[in-house]
Every structure is written in C-alpha cells, then in structure tokens.
Amino acid sequence: MLVAWKYRPRNTIIQRLDPRARLIFLACLFASFAVAQIWDIRLLFPLFVLSMVLYLLARIEWRDIKRAWTFFLIFIVVIVGVNALLSGRGGPMSVLQDTSPVLIQTPTLKIPGVNWTIHITITALRVFFAFTQMMRMFTMAILALPIPYTIDPSVYGVSFRRMGLPDKASFTMDLAFRFIPTLGRDFAITVDAQRARGYEMESLSGGIVSRLRRLAPLIVPVTMQAILTGEEVIDAMDLRAFGVRPRTWLRELHYERRDYVFIGLGVAILVISIILRWIGYGTFWAPDWIYHLTGK
Amino acid sequence: MNDSKLWEFKTRQVVYGAIGAALYGVLSWLTNVVPLPAAGNITFRPAVAVLIFFGAAFGPWVGLIAGLVGNILGDAISGFGFWWHWDVGNGIMGLIPGLAMLMIRDYRKPRDISIAVGFGIVGILVGMLFASVMEKLTGGIDWATAIGGYWVPASIGNTIVTVILLPILMVAYQAVVSRRGR
C-alpha cells in the first residue's frame with residue numbers, strides 16, 4: 001500500500017483520552033501562542049516541558065516519526081532560528097531596539113553580480129531571542145506532531161460531529177480519511193500501468209514545464225477515476241436518503257473524568273495566558289546578564 | 001452539469017469535497033519532499049492543479065473542503081504536523097476558483113479554460129497571501145520573509161502548476177462528463 005495511516009493502537013494514557021479532549025486541548029494551546037502572543041521564556045519553558053511530557057507519554061515508535069522530526073529540526077533551526085538570529089525580526093519590537101553587546105560582526109561582504117552588500121551583526125540579545133523563538137515553535141510542533149500517529153482515523157468523523165460540526169461536514173471528514181488509502185492504491189496501480197506502457201517515472205528530467213506535463217499521465221487517470229468512483233458513492237448515498245434526517249454513528253464517544261481534567265488544563269492555560277498578557281506579562285524577556293556580556 | 005446552485009451543500013458536495021481532500025492530500029504527500037527554492041517550509045505541489053480543478057468543477061464548498069482538509073491530511077501523512085493558517089490558505093485557494101463554476105459550460109473551450117485558470121490564479125494569490133501573513137503573525141517571521149520567502153515563491157510555483165496542468169485536467173474531465181451524461 002502506497003499510503004497508510006501511521007496510526008497504530010497503543011496502550012498509552014494519551015490514546016485512552018477522548019479524541020475530542022485532545023483536539024480541544026490542542027486548540028487551547030495554539031490559541032495561547034497565537035492569540036495571547038506569549039514570548040517570555042519563563043512562561044514558555046513550562047509549556048515546552050508539558051508538551052514534551054505529552055509527546056513522550058504517546059510512546060510513538062522512532063521509525064514511524066523520524067521523518068517528521070528531521071523536517072521539524074531543519075525547519076525550526078534553519079528557517080526560524082537563523083532568521084531570528086540574523087534579522088532579530090519576527091518577534092516583539094523590543095528585540096529590534098537592541099542595546100546588548102555585539103558578539104559577532106562580519107566585515108562588509110559584497111555579493112557579486114547584483115552588487116549588494118551584507119553586513120552581519122549578531123548580538124547577545126538576538127542569540128537569546130533566536131533561542132526563545134525556537135522554543136516557541138518547537139513547543140507548538142511537538143504538540144501537533146503525535147495527532148495523526150495516535151488518533152484512530154475512524155473516529156475523526158464522530159469526533160467532529162460530537163464537537164458540534166453538522167452531520168454533512170463530519171461525514172465529509174470521515175469519508176476523506178477513508179478515501180486516502182483507496183486513492184493511494186489507485187495511484188500505485190496507475191504508476192504500474194504507465195510503467196508497463198514505457199513511462200519512466202525516475203527520469204522526470206528537463207525543464208519545469210516538461211516535467212509537469214510528464215506528470216499528467218499519472219495525475220489525470222487517478223483524478224478521473226476518483227470522480228467516477230465519486231458518482232457511484234453519490235448514487236449509493238442518495239439511494240439511502242443521505243442528509244434527509246440526522247444520522248447515527250457506529251462508534252460513540254463518552255467523556256471520562258480524565259478527559260474533563262485534560263480539557264480543563266487546556267482552558268486554564270489559555271485563560272491564564274490571556275490574563276497575563278492583559279496585565280502586562282508575557283512579552284519578550286531577556287536576563288540582565290545578556291546585557292553585560294563581554295562584547296566585541 | 002452546472003445548473004446547481006453555487007452554494008448548495010448536498011451529497012454531491014460532501015462526496016466530492018471528501019474525494020478532493022483525499023486526492024489533494026495523497027498527491028501533496030507524494031510531492032512534499034520537493035522544496036521550493038528560497039522558500040521556507042513550502043514545497044512544490046503539482047496537486048494544486050487538482051485542487052483548483054475540483055473547485056472550478058464542483059463549486060466553492062468542494063474547493064474549500066478539498067484545500068482545507070486536503071492540506072491537513074497531506075501534512076499529516078507527511079508528518080508535517082498541523083499548520084492551521086496554511087490549511088485555511090489552501091482552502092481559500094480552492095474556494096475562489098469554485099466561484100467560476102457557473103461560468104464554465106464546456107471544459108474544452110479555451111474561454112472556459114481561461115476563466116478557470118484566471119480564477120485559480122486569483123485563488124492562489126489570495127490564499128497564499130493569507131497563509132504568509134498569518135505565518136508572520138504567528139510564526140515569528142518578518143514581513144520580508146513572509147512576502148519574499150513564502151508568498152512569492154508559493155504563488156509562482158502554484159501558478160506554474162495550474163497554468164500547465166489545469167487545462168489538461170479540464171479537457172480530460174469533459175470526456176468523463178460526455179461519457180457519463182451528467
């Protein structure tokens with residue numbers, strides 16, 4: 001099978017939680033970062049520890065998740081970290097009003113051809129800001145990372161329905177999750193069929209236009225076959241009067257005490273974050289010693 | 001084919017929304033390993049043409065669902081996690097070409113193909129702009145990175161894909177429509 005969900009049942013406390021509780025908790029923490037705009041590392045660090053603990057409790061096998069970790073580390077360190085380090089931008093204005101010692105200063109470098117000049121200055125405050133920024137991103141990433149590995153794809157539909165989404169929207173989610181392996185298999189069959197006709201997938205060379213055109217023999221048959229399958233599914237659903245009355249779901253979800261505790265924790269973090277920002281805490285902070293380092 | 005109301009949400013929209021999302025997710029996963037030059041976490045996605053096509057052929061709801069849910073699924077399969085602003089941006093990218101659905105009568109006619117491509121490009125520009133601006137507000141990058149490092153490369157890459165692959169998909173779909181007679 002070309003595509004398979006990396007979910008597998010595990011006897012862990014994370015997977016015993018109701019999926020709705022986990023999605024609500026995730027939404028609360030994302031809102032804490034995005035809405036309350038917490039930048040103080042003294043507040044970020046406990047959230048980082050909490051996220052790490054939850055990640056470890058999920059007990060996801062390394063072979064399943066190593067690709068995701070590679071991506072996150074490259075993205076967070078190279079893109080976010082280096083951007084914060086070199087520009088000092090992307091955070092509160094206090095980072096740009098920088099009076100900390102200069103640690104590294106390059107001579108003016110000229111880029112040949114375009115005649116641009118670069119002058120890299122790295123200050124102590126920017127190093128601390130880059131560290132804070134990476135911790136902030138890392139905390140958000142490891143909160144979301146375990147979701148596809150630890151929530152059964154067959155409960156997404158009922159989860160969204162019980163969280164208040166209409167039947168049709170929830171069923172759309174459910175169907176989408178179910179179609180993934182089918183379409184993955186169709187794609188694999190199409191690749192095999194085209195190869196039998198002499199199509200060489202590995203030699204997609206040439207310019208971008210010719211490369212894209214040569215993808216058409218793979219993308220077009222899969223898309224058209226999916227549309228034809230869709231017509232049959234629509235007929236079957238219409239014959240069963242889909243959408244006429246509220247539907248029932250095979251799996252039922254029931255909150256337990258631990259789910260309420262988990263949701264309560266998420267809501268509490270969100271409320272505290274908003275209150276802290278309201279009364280003036282949570283903006284970017286750097287320790288005093290940053291300003292007294294021996295600079296260049 | 002296109003006499004249905006633009007914003008209705010019935011069995012057809014449910015099924016094609018789901019199929020569009022699954023297709024976009026699978027095809028995105030297959031190409032998520034090819035990063036765009038100069039861009040941050042943006043990848044080259046021929047699947048965008050499929051998303052725009054689903055919007056133009058089946059309406060704004062289908063386009064929105066295919067982009068929004070499809071991007072969530074594609075990122076989930078790839079192990080990229082959950083990036084809500086890129087999900088919404090992809091949803092917008094599918095929704096806007098959906099507004100052209102009622103203008104398209106014959107999927108082989110150059111005029112109708114041009115309309116779909118035009119709405120698709122507008123969808124790409126607006127959707128990627130939303131995602132890039134939100135990346136700036138939530139991800140901690142500056143405006144130069146948001147525009148120069150995210151919006152511009154994502155928009156150019158997606159536009160190239162759409163201009164080349166969308167007409168091919170539309171011509172192929174006309175054959176399916178003729179054969180099915182609905």
# chains A, B, ... in the order shown; residues from 1 in each chain; ligands from 1
>>> closest_atom_pairs(of="chain A", to="chain B", cutoff="8 Å", atoms="only C-alpha atoms", output="Markdown table")
| residue | atom | partner | partner_atom | distance |
| --- | --- | --- | --- | --- |
| A:Val3 | CA | B:Val26 | CA | 7.5 |
| A:Trp5 | CA | B:Ile77 | CA | 6.8 |
| A:Lys6 | CA | B:Ile77 | CA | 7.7 |
| A:Phe33 | CA | B:Thr138 | CA | 7.6 |
| A:Ala34 | CA | B:Thr138 | CA | 5.3 |
| A:Gln37 | CA | B:Thr138 | CA | 7.9 |
| A:Ile65 | CA | B:Gly79 | CA | 7.2 |
| A:Arg67 | CA | B:Gly79 | CA | 7.0 |
| A:Ala68 | CA | B:Gly79 | CA | 4.6 |
| A:Phe71 | CA | B:Phe80 | CA | 7.2 |
| A:Phe72 | CA | B:Phe80 | CA | 7.5 |
| A:Phe75 | CA | B:Asn41 | CA | 6.6 |
| A:Ile79 | CA | B:Gly40 | CA | 6.2 |
| A:Val80 | CA | B:Ile141 | CA | 7.2 |
| A:Asn83 | CA | B:Ile141 | CA | 7.3 |
| A:Ala84 | CA | B:Ile141 | CA | 7.6 |
| A:Arg89 | CA | B:Asp142 | CA | 5.3 |
| A:Gly90 | CA | B:Ile141 | CA | 3.9 |
| A:Gly91 | CA | B:Gly140 | CA | 5.4 |
| A:Gln133 | CA | B:Gly140 | CA | 7.2 |
| A:Met137 | CA | B:Gly139 | CA | 7.2 |
| A:Ala141 | CA | B:Gly81 | CA | 6.6 |
| A:Ala144 | CA | B:Gly81 | CA | 5.3 |
| A:Leu145 | CA | B:Gly81 | CA | 4.7 |
| A:Pro146 | CA | B:Gly81 | CA | 7.9 |
| A:Ile147 | CA | B:Gly81 | CA | 7.8 |
| A:Pro148 | CA | B:Ala76 | CA | 5.9 |
| A:Lys168 | CA | B:Val14 | CA | 6.4 |
| A:Ala169 | CA | B:Val14 | CA | 7.2 |
| A:Phe171 | CA | B:Val14 | CA | 7.4 |
| A:Thr172 | CA | B:Ala18 | CA | 5.1 |
| A:Met173 | CA | B:Ala18 | CA | 6.6 |
| A:Leu175 | CA | B:Ala18 | CA | 5.6 |
| A:Ala176 | CA | B:Ala18 | CA | 4.2 |
| A:Phe177 | CA | B:Ala22 | CA | 6.9 |
| A:Phe179 | CA | B:Ala22 | CA | 5.9 |
| A:Ile180 | CA | B:Ala22 | CA | 5.1 |
| A:Leu183 | CA | B:Leu23 | CA | 6.6 |
| A:Gly184 | CA | B:Val26 | CA | 6.4 |
| A:Val209 | CA | B:Ile164 | CA | 7.1 |
| A:Leu212 | CA | B:Val161 | CA | 7.0 |
| A:Arg213 | CA | B:Leu165 | CA | 6.9 |
| A:Ala216 | CA | B:Leu165 | CA | 7.0 |
| A:Val220 | CA | B:Leu169 | CA | 6.0 |
| A:Thr223 | CA | B:Leu23 | CA | 7.4 |
| A:Met224 | CA | B:Tyr173 | CA | 6.7 |
| A:Ala226 | CA | B:Ile19 | CA | 6.9 |
| A:Ile227 | CA | B:Tyr16 | CA | 7.5 |
| A:Leu228 | CA | B:Val176 | CA | 8.0 |
| A:Gly230 | CA | B:Val15 | CA | 6.3 |
| A:Val233 | CA | B:Val15 | CA | 7.2 |
| A:Ile234 | CA | B:Arg12 | CA | 6.0 |
| A:Met237 | CA | B:Thr11 | CA | 7.2 |
| A:Asp238 | CA | B:Thr11 | CA | 7.0 |
| A:Phe242 | CA | B:Thr11 | CA | 6.9 |
| A:Gly243 | CA | B:Thr11 | CA | 7.2 |
>>> residues_around(residues="Phe119 (chain B)", least_positions_apart="3", cutoff="6 Å", atoms="only C-alpha atoms", output="CSV table (one decimal) with N, CA and C atoms, in the first residue's frame")
chain,number,residue,atom,x,y,z
B,97,PRO,N,-11.6,29.6,-7.1
B,97,PRO,CA,-12.0,29.1,-8.4
B,97,PRO,C,-13.4,28.5,-8.4
B,116,ALA,N,-11.3,29.4,-15.7
B,116,ALA,CA,-10.9,28.6,-14.6
B,116,ALA,C,-9.4,28.9,-14.2
B,122,VAL,N,-6.1,33.8,-9.1
B,122,VAL,CA,-6.6,34.8,-8.0
B,122,VAL,C,-6.7,34.0,-6.7
>>> atom_distance(atom1="CA of Phe128 (chain A)", atom2="CA of Trp289 (chain A)")
11.1 Å
>>> residues_around(residues="Ala36 (chain A)", least_positions_apart="5", cutoff="7 Å", atoms="only C-alpha atoms", output="list of chain:residue names")
A:Ala31, A:Ser273, A:Ile274, A:Arg277
>>> closest_residue(among="A:Leu165, A:Ile151, A:Ile272, A:Leu73", to="Ala58 (chain A)", atoms="only C-alpha atoms")
A:Ile151
>>> closest_residue(among="A:Tyr7, A:Phe160, A:Tyr199, A:Phe25", to="Gly264 (chain A)", atoms="only C-alpha atoms")
A:Phe25
>>> residues_around(residues="Ala21 (chain A)", least_positions_apart="2", cutoff="7 Å", atoms="only C-alpha atoms", output="list in words")
Leu17, Asp18, Pro19, Leu23, Ile24, Phe25, Asp259, Phe262 and Ile263 of chain A
>>> atom_distance(atom1="CA of Leu47 (chain A)", atom2="CA of Ala130 (chain A)")
17.5 Å
>>> residues_around(residues="Asp112 (chain B)", least_positions_apart="4", cutoff="10 Å", atoms="only C-alpha atoms", output="list in words")
Ala100, Met101, Met103, Ile104, Arg105, Asp106, Tyr107, Arg108, Ala116, Val117, Gly118, Pro167 and Met170 of chain B
>>> write_last_selection(atoms="C-alpha atoms", output="PDB file, in the first residue's frame")
ATOM      1  CA  ALA B 100     -16.272  30.358 -11.505  1.00  0.00           C
ATOM      2  CA  MET B 101     -18.231  27.091 -11.603  1.00  0.00           C
ATOM      3  CA  MET B 103     -19.416  30.386 -15.808  1.00  0.00           C
ATOM      4  CA  ILE B 104     -17.933  27.153 -17.129  1.00  0.00           C
ATOM      5  CA  ARG B 105     -20.098  25.359 -19.691  1.00  0.00           C
ATOM      6  CA  ASP B 106     -17.675  23.396 -21.813  1.00  0.00           C
ATOM      7  CA  TYR B 107     -14.441  22.183 -20.247  1.00  0.00           C
ATOM      8  CA  ARG B 108     -12.713  22.049 -23.651  1.00  0.00           C
ATOM      9  CA  ALA B 116     -10.874  28.590 -14.609  1.00  0.00           C
ATOM     10  CA  VAL B 117      -7.154  29.378 -14.827  1.00  0.00           C
ATOM     11  CA  GLY B 118      -7.805  33.072 -14.086  1.00  0.00           C
ATOM     12  CA  PRO B 167      -6.225  22.719 -18.894  1.00  0.00           C
ATOM     13  CA  MET B 170     -10.370  20.080 -17.746  1.00  0.00           C
TER      14      MET B 170
END
>>> residues_around(residues="region 187-190 of chain A", least_positions_apart="2", cutoff="7 Å", atoms="only C-alpha atoms", output="ChimeraX atom specification")
/A:2,183-185,192-194,218,222
>>> select_by_dssp(residues="region 183-248 of chain A", states="helix (DSSP H, G or I)", output="mmCIF file with C-alpha atoms, in the first residue's frame")
data_model
loop_
_atom_site.group_PDB
_atom_site.id
_atom_site.type_symbol
_atom_site.label_atom_id
_atom_site.label_comp_id
_atom_site.auth_asym_id
_atom_site.auth_seq_id
_atom_site.Cartn_x
_atom_site.Cartn_y
_atom_site.Cartn_z
ATOM 1 C CA LEU A 183 -6.637 6.718 -3.727
ATOM 2 C CA GLY A 184 -3.120 5.800 -2.693
ATOM 3 C CA ARG A 185 -3.704 2.318 -4.050
ATOM 4 C CA ASP A 186 -5.201 3.747 -7.278
ATOM 5 C CA PHE A 187 -2.105 5.895 -7.717
ATOM 6 C CA ALA A 188 0.184 2.873 -7.267
ATOM 7 C CA ILE A 189 -1.839 0.905 -9.846
ATOM 8 C CA THR A 190 -1.667 3.832 -12.281
ATOM 9 C CA VAL A 191 2.107 4.105 -11.863
ATOM 10 C CA ASP A 192 2.451 0.372 -12.580
ATOM 11 C CA ALA A 193 0.149 0.579 -15.607
ATOM 12 C CA GLN A 194 2.028 3.547 -17.086
ATOM 13 C CA ARG A 195 5.374 1.853 -16.468
ATOM 14 C CA ALA A 196 4.096 -1.176 -18.371
ATOM 15 C CA MET A 201 8.899 7.932 -13.511
ATOM 16 C CA GLU A 202 12.509 8.151 -12.368
ATOM 17 C CA SER A 203 13.621 10.122 -15.411
ATOM 18 C CA ILE A 208 9.806 22.565 -15.150
ATOM 19 C CA VAL A 209 7.158 22.714 -17.909
ATOM 20 C CA SER A 210 8.138 19.393 -19.463
ATOM 21 C CA ARG A 211 8.384 17.805 -16.023
ATOM 22 C CA LEU A 212 4.876 18.912 -15.147
ATOM 23 C CA ARG A 213 3.471 17.763 -18.479
ATOM 24 C CA ARG A 214 5.005 14.367 -17.909
ATOM 25 C CA LEU A 215 3.224 14.104 -14.570
ATOM 26 C CA ALA A 216 -0.131 14.331 -16.361
ATOM 27 C CA PRO A 217 -0.249 10.583 -17.282
ATOM 28 C CA LEU A 218 -0.209 9.871 -13.540
ATOM 29 C CA ILE A 219 -2.399 12.647 -12.167
ATOM 30 C CA VAL A 220 -5.154 12.700 -14.805
ATOM 31 C CA PRO A 221 -6.191 8.989 -14.694
ATOM 32 C CA VAL A 222 -6.191 8.956 -10.868
ATOM 33 C CA THR A 223 -8.302 12.123 -10.721
ATOM 34 C CA MET A 224 -10.804 10.975 -13.342
ATOM 35 C CA GLN A 225 -11.114 7.529 -11.765
ATOM 36 C CA ALA A 226 -11.746 9.187 -8.387
ATOM 37 C CA ILE A 227 -14.505 11.314 -9.938
ATOM 38 C CA LEU A 228 -16.173 8.248 -11.469
ATOM 39 C CA THR A 229 -15.967 6.465 -8.100
ATOM 40 C CA GLY A 230 -17.498 9.557 -6.525
ATOM 41 C CA GLU A 231 -20.531 9.340 -8.823
ATOM 42 C CA GLU A 232 -21.151 5.780 -7.646
ATOM 43 C CA VAL A 233 -20.782 6.780 -3.987
ATOM 44 C CA ILE A 234 -23.222 9.682 -4.510
ATOM 45 C CA ASP A 235 -25.766 7.305 -6.060
ATOM 46 C CA ALA A 236 -25.394 4.854 -3.183
ATOM 47 C CA MET A 237 -25.761 7.597 -0.564
ATOM 48 C CA ASP A 238 -28.726 9.210 -2.288
ATOM 49 C CA LEU A 239 -30.457 5.830 -2.511
#
>>> atom_distance(atom1="CA of Trp7 (chain B)", atom2="CA of Gly59 (chain B)")
7.3 Å
>>> select_by_dssp(residues="region 86-238 of chain A", states="strand (DSSP E)", output="ChimeraX atom specification")
/A:102-105,109-111,116-118,121-123
>>> residues_around(residues="Gly89 (chain B)", least_positions_apart="2", cutoff="12 Å", atoms="only C-alpha atoms", output="PyMOL selection string")
chain B and resi 63-72+83-87+91-96+123-135+151+154-155
>>> write_last_selection(atoms="N, CA and C atoms", output="CSV table (one decimal), in the first residue's frame")
chain,number,residue,atom,x,y,z
B,63,GLY,N,-14.2,23.1,-3.3
B,63,GLY,CA,-12.8,23.7,-3.3
B,63,GLY,C,-12.3,24.0,-1.9
B,64,LEU,N,-13.2,24.6,-1.1
B,64,LEU,CA,-12.8,24.9,0.3
B,64,LEU,C,-12.4,23.7,1.1
B,65,ILE,N,-13.3,22.7,1.0
B,65,ILE,CA,-13.1,21.4,1.8
B,65,ILE,C,-11.8,20.7,1.3
B,66,ALA,N,-11.7,20.6,-0.1
B,66,ALA,CA,-10.6,19.9,-0.7
B,66,ALA,C,-9.3,20.6,-0.2
B,67,GLY,N,-9.2,21.9,-0.2
B,67,GLY,CA,-8.0,22.6,0.2
B,67,GLY,C,-7.7,22.5,1.6
B,68,LEU,N,-8.7,22.8,2.4
B,68,LEU,CA,-8.6,22.9,3.9
B,68,LEU,C,-8.3,21.5,4.5
B,69,VAL,N,-9.2,20.6,4.2
B,69,VAL,CA,-9.0,19.2,4.8
B,69,VAL,C,-7.8,18.5,4.1
B,70,GLY,N,-7.7,18.7,2.7
B,70,GLY,CA,-6.6,18.0,2.0
B,70,GLY,C,-5.3,18.4,2.5
B,71,ASN,N,-5.1,19.7,2.8
B,71,ASN,CA,-3.8,20.2,3.3
B,71,ASN,C,-3.5,19.6,4.7
B,72,ILE,N,-4.6,19.5,5.5
B,72,ILE,CA,-4.4,18.9,6.8
B,72,ILE,C,-3.9,17.4,6.7
B,83,TRP,N,-0.7,23.0,10.7
B,83,TRP,CA,-0.4,24.5,10.4
B,83,TRP,C,-1.7,25.1,9.9
B,84,TRP,N,-2.5,25.6,10.9
B,84,TRP,CA,-3.9,26.0,10.5
B,84,TRP,C,-3.9,27.1,9.5
B,85,HIS,N,-3.0,28.0,9.5
B,85,HIS,CA,-3.1,29.1,8.5
B,85,HIS,C,-2.8,28.7,7.1
B,86,TRP,N,-1.9,27.7,7.0
B,86,TRP,CA,-1.7,27.1,5.6
B,86,TRP,C,-2.9,26.3,5.2
B,87,ASP,N,-3.5,25.6,6.1
B,87,ASP,CA,-4.7,24.9,5.8
B,87,ASP,C,-5.8,25.8,5.3
B,91,GLY,N,-7.5,26.3,1.6
B,91,GLY,CA,-9.0,26.3,1.5
B,91,GLY,C,-9.4,27.4,0.6
B,92,ILE,N,-8.9,28.6,0.9
B,92,ILE,CA,-9.2,29.8,0.1
B,92,ILE,C,-8.8,29.6,-1.4
B,93,MET,N,-7.6,28.9,-1.6
B,93,MET,CA,-7.1,28.6,-2.9
B,93,MET,C,-8.0,27.7,-3.7
B,94,GLY,N,-8.8,26.9,-3.0
B,94,GLY,CA,-9.8,26.1,-3.7
B,94,GLY,C,-11.1,26.7,-3.8
B,95,LEU,N,-11.5,27.6,-2.8
B,95,LEU,CA,-12.8,28.2,-2.8
B,95,LEU,C,-13.0,29.2,-4.0
B,96,ILE,N,-12.0,30.1,-4.2
B,96,ILE,CA,-12.1,31.1,-5.2
B,96,ILE,C,-12.4,30.6,-6.6
B,123,GLY,N,-7.2,32.8,-6.7
B,123,GLY,CA,-7.3,32.0,-5.5
B,123,GLY,C,-5.9,31.7,-4.9
B,124,ILE,N,-5.0,31.4,-5.8
B,124,ILE,CA,-3.6,31.2,-5.3
B,124,ILE,C,-3.0,32.4,-4.6
B,125,LEU,N,-3.2,33.6,-5.3
B,125,LEU,CA,-2.6,34.8,-4.8
B,125,LEU,C,-3.2,35.1,-3.4
B,126,VAL,N,-4.5,35.0,-3.3
B,126,VAL,CA,-5.2,35.4,-2.1
B,126,VAL,C,-4.9,34.4,-1.0
B,127,GLY,N,-5.1,33.1,-1.3
B,127,GLY,CA,-4.8,32.0,-0.3
B,127,GLY,C,-3.4,32.0,0.2
B,128,MET,N,-2.5,32.1,-0.7
B,128,MET,CA,-1.1,32.1,-0.2
B,128,MET,C,-0.7,33.4,0.6
B,129,LEU,N,-1.4,34.5,0.2
B,129,LEU,CA,-1.2,35.8,0.9
B,129,LEU,C,-1.7,35.6,2.4
B,130,PHE,N,-2.9,35.1,2.5
B,130,PHE,CA,-3.4,34.8,3.8
B,130,PHE,C,-2.5,34.0,4.7
B,131,ALA,N,-2.0,32.9,4.1
B,131,ALA,CA,-1.1,32.0,4.9
B,131,ALA,C,0.2,32.7,5.2
B,132,SER,N,0.7,33.4,4.3
B,132,SER,CA,2.0,34.1,4.5
B,132,SER,C,1.9,35.2,5.6
B,133,VAL,N,0.8,35.9,5.6
B,133,VAL,CA,0.6,37.0,6.6
B,133,VAL,C,0.4,36.4,7.9
B,134,MET,N,-0.4,35.3,8.0
B,134,MET,CA,-0.6,34.6,9.3
B,134,MET,C,0.7,34.0,9.8
B,135,GLU,N,1.6,33.5,8.9
B,135,GLU,CA,2.9,33.0,9.2
B,135,GLU,C,3.7,34.1,9.9
B,151,TRP,N,5.2,34.0,0.3
B,151,TRP,CA,4.1,34.3,-0.6
B,151,TRP,C,4.5,34.2,-2.1
B,154,ALA,N,5.6,30.6,-3.3
B,154,ALA,CA,4.4,29.7,-3.3
B,154,ALA,C,3.5,30.1,-4.4
B,155,SER,N,3.3,31.4,-4.6
B,155,SER,CA,2.4,31.8,-5.6
B,155,SER,C,2.9,31.5,-7.0
>>> decode(residues="region 117-147 of chain B", atoms="C-alpha atoms", output="compact mmCIF listing (two decimals), in the first residue's frame")
# COMPACT_ATOMS: atom_id res chain seq x y z
CA VAL B 117 -7.15 29.38 -14.83
CA GLY B 118 -7.80 33.07 -14.09
CA PHE B 119 -9.92 32.35 -11.00
CA GLY B 120 -7.37 29.75 -9.98
CA ILE B 121 -4.54 32.28 -10.06
CA VAL B 122 -6.61 34.76 -8.01
CA GLY B 123 -7.29 31.95 -5.54
CA ILE B 124 -3.58 31.15 -5.32
CA LEU B 125 -2.59 34.79 -4.75
CA VAL B 126 -5.23 35.39 -2.08
CA GLY B 127 -4.85 32.03 -0.35
CA MET B 128 -1.06 32.14 -0.19
CA LEU B 129 -1.15 35.79 0.93
CA PHE B 130 -3.43 34.85 3.83
CA ALA B 131 -1.15 31.99 4.85
CA SER B 132 2.02 34.10 4.54
CA VAL B 133 0.58 37.00 6.56
CA MET B 134 -0.60 34.59 9.25
CA GLU B 135 2.86 32.99 9.25
CA LYS B 136 4.23 36.42 10.05
CA LEU B 137 1.72 36.96 12.86
CA THR B 138 2.01 33.52 14.45
CA GLY B 139 5.30 32.05 13.28
CA GLY B 140 7.53 34.95 14.19
CA ILE B 141 9.00 35.82 10.79
CA ASP B 142 9.34 39.34 9.42
CA TRP B 143 7.43 40.92 6.51
CA ALA B 144 10.31 40.46 4.07
CA THR B 145 10.42 36.72 4.79
CA ALA B 146 6.62 36.42 4.73
CA ILE B 147 6.33 38.07 1.33
